[in-house]
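Data block below; observations after.
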Amino acid sequence: MPAGTRTRIPRTRLRIALTALVTLASAALTTLPSPAAQADAPAAGQLTGTLSDGATWIADVPDHWNGTLLLFSHGFGPTVARDAPTDAVRTELLAEGYAMAGSSYDPHGSMWALNSAERDQFATLGAVTAEIGTPRRTLAIGQSMGGLVNAQLARDGGGRIDGALGQCGLVAGGTDLDNYQLDAEYTIARLLLPGQDVKLVRFGTSAEASATADLLTRAVTAAQSTPQGRARVALAAAFLNLPAWSPGKDRPAATDWAGQEAQQYDWFAQGILSFVEGGRYAVEQSVGGDNSWNLGVDYARLLAGSEHASQVRALYRAAGLDLRAELRTLTEGAAITADPAAVRTAQRTSSAGQGLEVPLLDVHTTADNLVPVQQENRFAARVRASGDGALLRQAYVERQGHCAFTTAETVAALHALEHRVTTGRWDDAATPAALQRSATALGLDGAAYVPYRPARLTVGRDRPADPTGR
């Protein structure tokens, strides 16, 4: 049972006009709205409470509840309770009769709160249902890091939740994330800062992580001024699985190698490495050490599996650089090993795809700078290997940015999930054409669902023995 007091806020009528997401969050470096932004949004009826580990929860219930409770898992950032992806989504769903709930996760640990998130979400479900009664149906929703939590709920939540909707989910898990980010960081350090001892893992403080981010960002900025530097930036971007389409720009042509690199550089210029290094510090806090490694990684083989390999080869040729020699340099210098206990902890707390107990619809933008869309490929392969591929559907929105969904796209995806839960069949409800029709018919803020198949995630590590090089 939850501990602490609960407060009921008087009900008011919803009078907010729905608006488009601000710039569609295309360059956002966080997945969470500010606490003040959510506090200012109107609520028909609101409940709050505190769980035994200190996590807080919040729930909103409309005057005419349709019997469906949505359990929202928020993304990486401050451990503050959220029950919807955005205020606009919250307003629309309340108007449609949905109740919503979500927790902060344990506020006493790392912002990478995977040690407590799943537990706190299930505890929130219990606390809220004790207040409002048993829902006719419970659906989980999660974004970014919360998309990983959401996939865990779909794996473990049979009997407690009926279906799950993931958005921009970090579904490949914490170790794959830290490994491909390490490859990019290592490439920048080795090729753009030769001879310098750059700290890439095992950060003792957030200041250390920030210092590394600043150093690497300055190196990328300086490199962008020469053809040789731009070729090396493209190589690092390939290892980072970074999209070659940035906010406010037209998508470069398929063979516009220089244009693709320029737009990848846009993401670096907007501060992506600060997010990467800050995230690494938080993950290391959570799992108790470094859960990434590059000892034994063959960087030529790694590049060969990247969708950006042709771009990198072309830019190296144009710059007069020996790509084979530089990949050999990277391979020979790769010596970072992981802390085995941290790898085991990350596998236990920060992974998903081991199976599904309820239907899961995952939605991703095609040009996600923080959680690459290729993660969906990696996750789907794991779900299929578990034998639960029939429970999974994935859909894609053609847009730049992380979690850059319109309200219409989110609501349409929820309706498609409800169709699967109600009928026991996906039918055509989760196809791009059906989702686009459903979203457009809402008359809200537009939609861009498209047919799309993500490339493989460039990560290059599959064997459990890899962390220590054995």
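Residue numbering restarts at 1 in every chain; chains get A, B, ... in the order shown in the structure tokens, and ligands count up from 1 in that same order.
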
Problem - Met145 (chain A) surroundings by only C-alpha atoms, 6 Å radius, close-in-sequence under 6 positions cut, as a PyMOL selection string - result: chain A and resi 75-76+170

Interface rows for region 331-433 of chain A against region 110-123 of chain A: nearest pair, Å to one decimal, 10 Å, only C-alpha atoms, as CSV:
residue,atom,partner,partner_atom,distance
A:Thr345,CA,A:Asn115,CA,9.1
A:Ala346,CA,A:Leu114,CA,8.8
A:Arg348,CA,A:Asn115,CA,9.0
A:Thr349,CA,A:Leu114,CA,5.7
A:Ser350,CA,A:Leu114,CA,5.9
A:Ser351,CA,A:Leu114,CA,9.2

So that I have them on file, write out the residues from the current selection with N, CA and C atoms, as a compact mmCIF listing (two decimals), in the first residue's frame.
# COMPACT_ATOMS: atom_id res chain seq x y z
N THR A 345 24.25 -5.84 -13.85
CA THR A 345 23.18 -5.00 -13.30
C THR A 345 22.38 -4.34 -14.41
N ALA A 346 23.06 -3.84 -15.44
CA ALA A 346 22.36 -3.21 -16.56
C ALA A 346 21.48 -4.22 -17.29
N ARG A 348 19.99 -6.71 -15.95
CA ARG A 348 18.85 -6.99 -15.09
C ARG A 348 17.88 -5.82 -15.03
N THR A 349 18.39 -4.60 -14.95
CA THR A 349 17.52 -3.45 -14.73
C THR A 349 17.21 -2.65 -15.98
N SER A 350 18.09 -2.67 -16.96
CA SER A 350 18.04 -1.69 -18.05
C SER A 350 17.99 -2.33 -19.42
N SER A 351 17.32 -3.46 -19.52
CA SER A 351 17.18 -4.13 -20.81
C SER A 351 15.72 -4.51 -21.02

Problem - Thr329 (chain A) surroundings by only C-alpha atoms, 9 Å radius, close-in-sequence under 6 positions cut, as a VMD selection string - result: chain A and resid 190 to 191 299

Take the residues just selected and output them with all heavy atoms as a PDB file, in the first residue's frame.
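Okay, part-v6.pdb is ready:
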ATOM      1  N   ARG A 190      40.255   9.801 -30.393  1.00  0.00           N
ATOM      2  CA  ARG A 190      41.437   9.179 -31.000  1.00  0.00           C
ATOM      3  C   ARG A 190      41.877   9.912 -32.272  1.00  0.00           C
ATOM      4  O   ARG A 190      43.084  10.099 -32.504  1.00  0.00           O
ATOM      5  CB  ARG A 190      41.114   7.719 -31.343  1.00  0.00           C
ATOM      6  CG  ARG A 190      42.274   6.919 -31.902  1.00  0.00           C
ATOM      7  CD  ARG A 190      43.194   6.443 -30.811  1.00  0.00           C
ATOM      8  NE  ARG A 190      44.251   5.587 -31.350  1.00  0.00           N
ATOM      9  CZ  ARG A 190      45.182   5.016 -30.600  1.00  0.00           C
ATOM     10  NH1 ARG A 190      45.174   5.196 -29.285  1.00  0.00           N
ATOM     11  NH2 ARG A 190      46.121   4.265 -31.148  1.00  0.00           N
ATOM     12  N   LEU A 191      40.905  10.327 -33.100  1.00  0.00           N
ATOM     13  CA  LEU A 191      41.254  10.898 -34.398  1.00  0.00           C
ATOM     14  C   LEU A 191      41.322  12.416 -34.406  1.00  0.00           C
ATOM     15  O   LEU A 191      42.072  12.992 -35.200  1.00  0.00           O
ATOM     16  CB  LEU A 191      40.250  10.438 -35.456  1.00  0.00           C
ATOM     17  CG  LEU A 191      40.169   8.918 -35.688  1.00  0.00           C
ATOM     18  CD1 LEU A 191      39.182   8.615 -36.804  1.00  0.00           C
ATOM     19  CD2 LEU A 191      41.539   8.315 -35.988  1.00  0.00           C
ATOM     20  N   TYR A 299      36.733  -2.068 -35.829  1.00  0.00           N
ATOM     21  CA  TYR A 299      36.046  -0.867 -36.299  1.00  0.00           C
ATOM     22  C   TYR A 299      35.806  -0.854 -37.800  1.00  0.00           C
ATOM     23  O   TYR A 299      34.860  -0.208 -38.275  1.00  0.00           O
ATOM     24  CB  TYR A 299      36.788   0.384 -35.827  1.00  0.00           C
ATOM     25  CG  TYR A 299      36.457   0.689 -34.378  1.00  0.00           C
ATOM     26  CD1 TYR A 299      37.213   0.175 -33.342  1.00  0.00           C
ATOM     27  CD2 TYR A 299      35.334   1.438 -34.062  1.00  0.00           C
ATOM     28  CE1 TYR A 299      36.880   0.410 -32.011  1.00  0.00           C
ATOM     29  CE2 TYR A 299      34.978   1.690 -32.750  1.00  0.00           C
ATOM     30  CZ  TYR A 299      35.758   1.166 -31.723  1.00  0.00           C
ATOM     31  OH  TYR A 299      35.407   1.399 -30.404  1.00  0.00           O
TER      32      TYR A 299
END

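Here CA of Thr205 (chain A) stands at a distance of 24.5 Å from CA of Leu192 (chain A).
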
Practice task
Considering only C-alpha atoms, state which residue in the set A:Thr423, A:Ser52, A:Ser286, A:Thr440 is at the smallest distance from Thr406 (chain A).
Solution key: A:Thr440

Practice task
Name the residues in contact with Leu330 (chain A) at a cut-off of 12 Å, using only C-alpha atoms, excluding same-chain residues fewer than 5 positions from it; report them as a ChimeraX atom specification.
Solution key: /A:183-192,194,232,235-236,294-303,323-325,335-336

Residues from the last selection, C-alpha atoms, saved as a PDB file, in the first residue's frame:
ATOM      1  CA  ASP A 183      32.415   4.155 -30.217  1.00  0.00           C
ATOM      2  CA  ALA A 184      31.595   7.696 -31.337  1.00  0.00           C
ATOM      3  CA  GLU A 185      33.298   9.327 -28.351  1.00  0.00           C
ATOM      4  CA  TYR A 186      36.377   7.157 -28.773  1.00  0.00           C
ATOM      5  CA  THR A 187      36.576   7.990 -32.483  1.00  0.00           C
ATOM      6  CA  ILE A 188      36.460  11.719 -31.767  1.00  0.00           C
ATOM      7  CA  ALA A 189      39.093  11.442 -29.045  1.00  0.00           C
ATOM      8  CA  ARG A 190      41.437   9.179 -31.000  1.00  0.00           C
ATOM      9  CA  LEU A 191      41.254  10.898 -34.398  1.00  0.00           C
ATOM     10  CA  LEU A 192      40.548  14.534 -33.526  1.00  0.00           C
ATOM     11  CA  PRO A 194      45.489  12.449 -30.941  1.00  0.00           C
ATOM     12  CA  ARG A 232      36.214  12.076 -39.336  1.00  0.00           C
ATOM     13  CA  LEU A 235      32.777   8.510 -39.102  1.00  0.00           C
ATOM     14  CA  ALA A 236      31.941   9.364 -35.499  1.00  0.00           C
ATOM     15  CA  ASN A 294      35.506  -1.494 -26.920  1.00  0.00           C
ATOM     16  CA  LEU A 295      38.283  -4.027 -26.352  1.00  0.00           C
ATOM     17  CA  GLY A 296      37.972  -6.508 -29.201  1.00  0.00           C
ATOM     18  CA  VAL A 297      35.816  -4.285 -31.427  1.00  0.00           C
ATOM     19  CA  ASP A 298      36.806  -4.389 -35.115  1.00  0.00           C
ATOM     20  CA  TYR A 299      36.046  -0.867 -36.299  1.00  0.00           C
ATOM     21  CA  ALA A 300      36.306  -1.716 -39.991  1.00  0.00           C
ATOM     22  CA  ARG A 301      33.681  -4.387 -39.535  1.00  0.00           C
ATOM     23  CA  LEU A 302      31.610  -2.015 -37.409  1.00  0.00           C
ATOM     24  CA  LEU A 303      31.545   0.632 -40.142  1.00  0.00           C
ATOM     25  CA  LEU A 323      40.069   5.157 -44.163  1.00  0.00           C
ATOM     26  CA  ARG A 324      41.480   1.652 -43.741  1.00  0.00           C
ATOM     27  CA  ALA A 325      44.466   2.984 -41.847  1.00  0.00           C
ATOM     28  CA  ALA A 335      41.349  -1.090 -24.847  1.00  0.00           C
ATOM     29  CA  ILE A 336      38.385  -0.020 -22.704  1.00  0.00           C
TER      30      ILE A 336
END

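When DSSP is run on the backbone, the residues of region 166-383 of chain A that fall into strand (DSSP E or B) are Gly166, Gln167, Leu360, Leu361, Asp362, Val363, His364, Thr365, Thr366 and Ala367 of chain A.
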
Go ahead and write the selection's residues with C-alpha atoms as a tab-separated table (two decimals), in the first residue's frame.
chain	number	residue	atom	x	y	z
A	166	GLY	CA	5.93	3.09	-26.67
A	167	GLN	CA	7.19	6.34	-28.18
A	360	LEU	CA	3.01	-3.48	-27.66
A	361	LEU	CA	2.89	-0.77	-30.33
A	362	ASP	CA	6.16	1.14	-30.67
A	363	VAL	CA	6.25	4.47	-32.56
A	364	HIS	CA	9.46	6.27	-33.53
A	365	THR	CA	10.49	9.29	-35.59
A	366	THR	CA	12.69	8.40	-38.55
A	367	ALA	CA	15.41	10.94	-37.65

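Minimum atom-to-atom distances from A:Ala127, A:Ala101, A:Leu216, A:Ala154 to Val358 (chain A) were compared using only C-alpha atoms, and the lowest value belongs to A:Ala154.
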
Exercise for the section: Tell me which of A:Gly169, A:Gly279, A:Gly460, A:Gly174 sits closest to Val343 (chain A), counting only C-alpha atoms. Expected result: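 The shortest atom-to-atom distance to Val343 (chain A) comes from A:Gly174.
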
With a distance cut-off of 9 Å and only C-alpha atoms, select the neighbouring residues of Ile272 (chain A), excluding the residue or stretch itself and same-chain residues fewer than 6 positions from it, and output the selection as a PDB file with all heavy atoms, in the first residue's frame.
ATOM      1  N   LEU A  29      16.708  18.288 -26.152  1.00  0.00           N
ATOM      2  CA  LEU A  29      17.696  17.435 -25.500  1.00  0.00           C
ATOM      3  C   LEU A  29      17.140  16.861 -24.218  1.00  0.00           C
ATOM      4  O   LEU A  29      17.883  16.357 -23.376  1.00  0.00           O
ATOM      5  CB  LEU A  29      18.984  18.226 -25.218  1.00  0.00           C
ATOM      6  CG  LEU A  29      19.724  18.653 -26.471  1.00  0.00           C
ATOM      7  CD1 LEU A  29      20.997  19.385 -26.104  1.00  0.00           C
ATOM      8  CD2 LEU A  29      20.027  17.470 -27.361  1.00  0.00           C
ATOM      9  N   ALA A 213      32.410  16.260 -22.356  1.00  0.00           N
ATOM     10  CA  ALA A 213      31.488  16.720 -23.396  1.00  0.00           C
ATOM     11  C   ALA A 213      31.993  18.002 -24.040  1.00  0.00           C
ATOM     12  O   ALA A 213      31.963  18.148 -25.274  1.00  0.00           O
ATOM     13  CB  ALA A 213      30.100  16.933 -22.806  1.00  0.00           C
ATOM     14  N   THR A 217      33.138  18.254 -27.937  1.00  0.00           N
ATOM     15  CA  THR A 217      32.370  19.169 -28.778  1.00  0.00           C
ATOM     16  C   THR A 217      33.270  20.204 -29.438  1.00  0.00           C
ATOM     17  O   THR A 217      33.114  20.528 -30.624  1.00  0.00           O
ATOM     18  CB  THR A 217      31.265  19.860 -27.963  1.00  0.00           C
ATOM     19  OG1 THR A 217      30.380  18.861 -27.432  1.00  0.00           O
ATOM     20  CG2 THR A 217      30.467  20.825 -28.819  1.00  0.00           C
ATOM     21  N   ASN A 369      17.628  11.989 -32.988  1.00  0.00           N
ATOM     22  CA  ASN A 369      19.026  12.269 -32.673  1.00  0.00           C
ATOM     23  C   ASN A 369      19.496  11.654 -31.364  1.00  0.00           C
ATOM     24  O   ASN A 369      20.688  11.382 -31.192  1.00  0.00           O
ATOM     25  CB  ASN A 369      19.261  13.783 -32.619  1.00  0.00           C
ATOM     26  CG  ASN A 369      18.331  14.487 -31.649  1.00  0.00           C
ATOM     27  OD1 ASN A 369      17.133  14.185 -31.594  1.00  0.00           O
ATOM     28  ND2 ASN A 369      18.838  15.442 -30.888  1.00  0.00           N
ATOM     29  N   LEU A 370      18.596  11.403 -30.420  1.00  0.00           N
ATOM     30  CA  LEU A 370      19.001  10.919 -29.098  1.00  0.00           C
ATOM     31  C   LEU A 370      18.793   9.430 -28.913  1.00  0.00           C
ATOM     32  O   LEU A 370      19.601   8.770 -28.260  1.00  0.00           O
ATOM     33  CB  LEU A 370      18.249  11.692 -28.001  1.00  0.00           C
ATOM     34  CG  LEU A 370      18.512  13.189 -27.937  1.00  0.00           C
ATOM     35  CD1 LEU A 370      17.788  13.801 -26.749  1.00  0.00           C
ATOM     36  CD2 LEU A 370      20.005  13.484 -27.869  1.00  0.00           C
TER      37      LEU A 370
END

Exercise for the section: Using DSSP on the backbone, list every residue of region 348-378 of chain A that comes out as helix (DSSP H, G or I), and give them as a PyMOL selection string. Expected result: chain A and resi 348-349+374-378

Exercise for the section: Compile the contact shell of Ala455 (chain A) as an MDAnalysis selection string: residues with an atom at most 8 Å away, counting only C-alpha atoms, same-chain residues fewer than 3 positions apart removed. Expected result: chainID A and resid 307 374 377

Once you have the residues from the selection above, write them out as a compact mmCIF listing (two decimals), in the first residue's frame, restricted to N, CA, C and O atoms.
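Final output, out_1.txt:
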# COMPACT_ATOMS: atom_id res chain seq x y z
N GLU A 307 24.54 2.05 -42.00
CA GLU A 307 23.87 2.60 -43.17
C GLU A 307 24.61 3.82 -43.72
O GLU A 307 24.35 4.24 -44.86
N GLN A 374 17.11 3.08 -35.26
CA GLN A 374 17.65 1.73 -35.45
C GLN A 374 17.49 0.86 -34.20
O GLN A 374 17.56 -0.37 -34.29
N ASN A 377 14.91 -1.83 -34.62
CA ASN A 377 15.34 -3.03 -35.31
C ASN A 377 15.94 -4.03 -34.33
O ASN A 377 15.60 -5.22 -34.33

Exercise for the section: Counting only C-alpha atoms, figure out which residue out of A:Arg453, A:Gly163, A:Trp293, A:Pro227 gets nearest to Pro340 (chain A). Expected result: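 Selected residue with least distance to Pro340 (chain A): A:Trp293.
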
Practice task
Check the smallest atom-to-atom distance from each of A:Asp445, A:Ala140, A:Tyr281, A:Leu457 to His308 (chain A) using only C-alpha atoms, then report the winner.
Solution key: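 With only C-alpha atoms as the atom set, the closest residue is A:Leu457.
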
Handout entry: Polymer residues at most 6 Å from Gly353 (chain A), only C-alpha atoms, same-chain spacing of 3 or more positions, as a VMD selection string
Key = chain A and resid 379 382 to 383

Problem - Shortest interatomic distance to Pro62 (chain A) - which of A:Trp257, A:Tyr449, A:Phe275, A:Tyr98, counting only C-alpha atoms - result: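 With only C-alpha atoms as the atom set, the closest residue is A:Tyr98.
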
Practice task
Calculate how many Å separate CA of Ala222 (chain A) from CA of Pro247 (chain A), rounding to one decimal.
Solution key: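 Separating CA of Ala222 (chain A) from CA of Pro247 (chain A) is a distance of 21.9 Å.
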
Handout entry: Interatomic distance (Å, one decimal) between CA of Gln270 (chain A) and CA of Ala231 (chain A)
Key =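 That distance, rounded to one decimal, is 19.1 Å.
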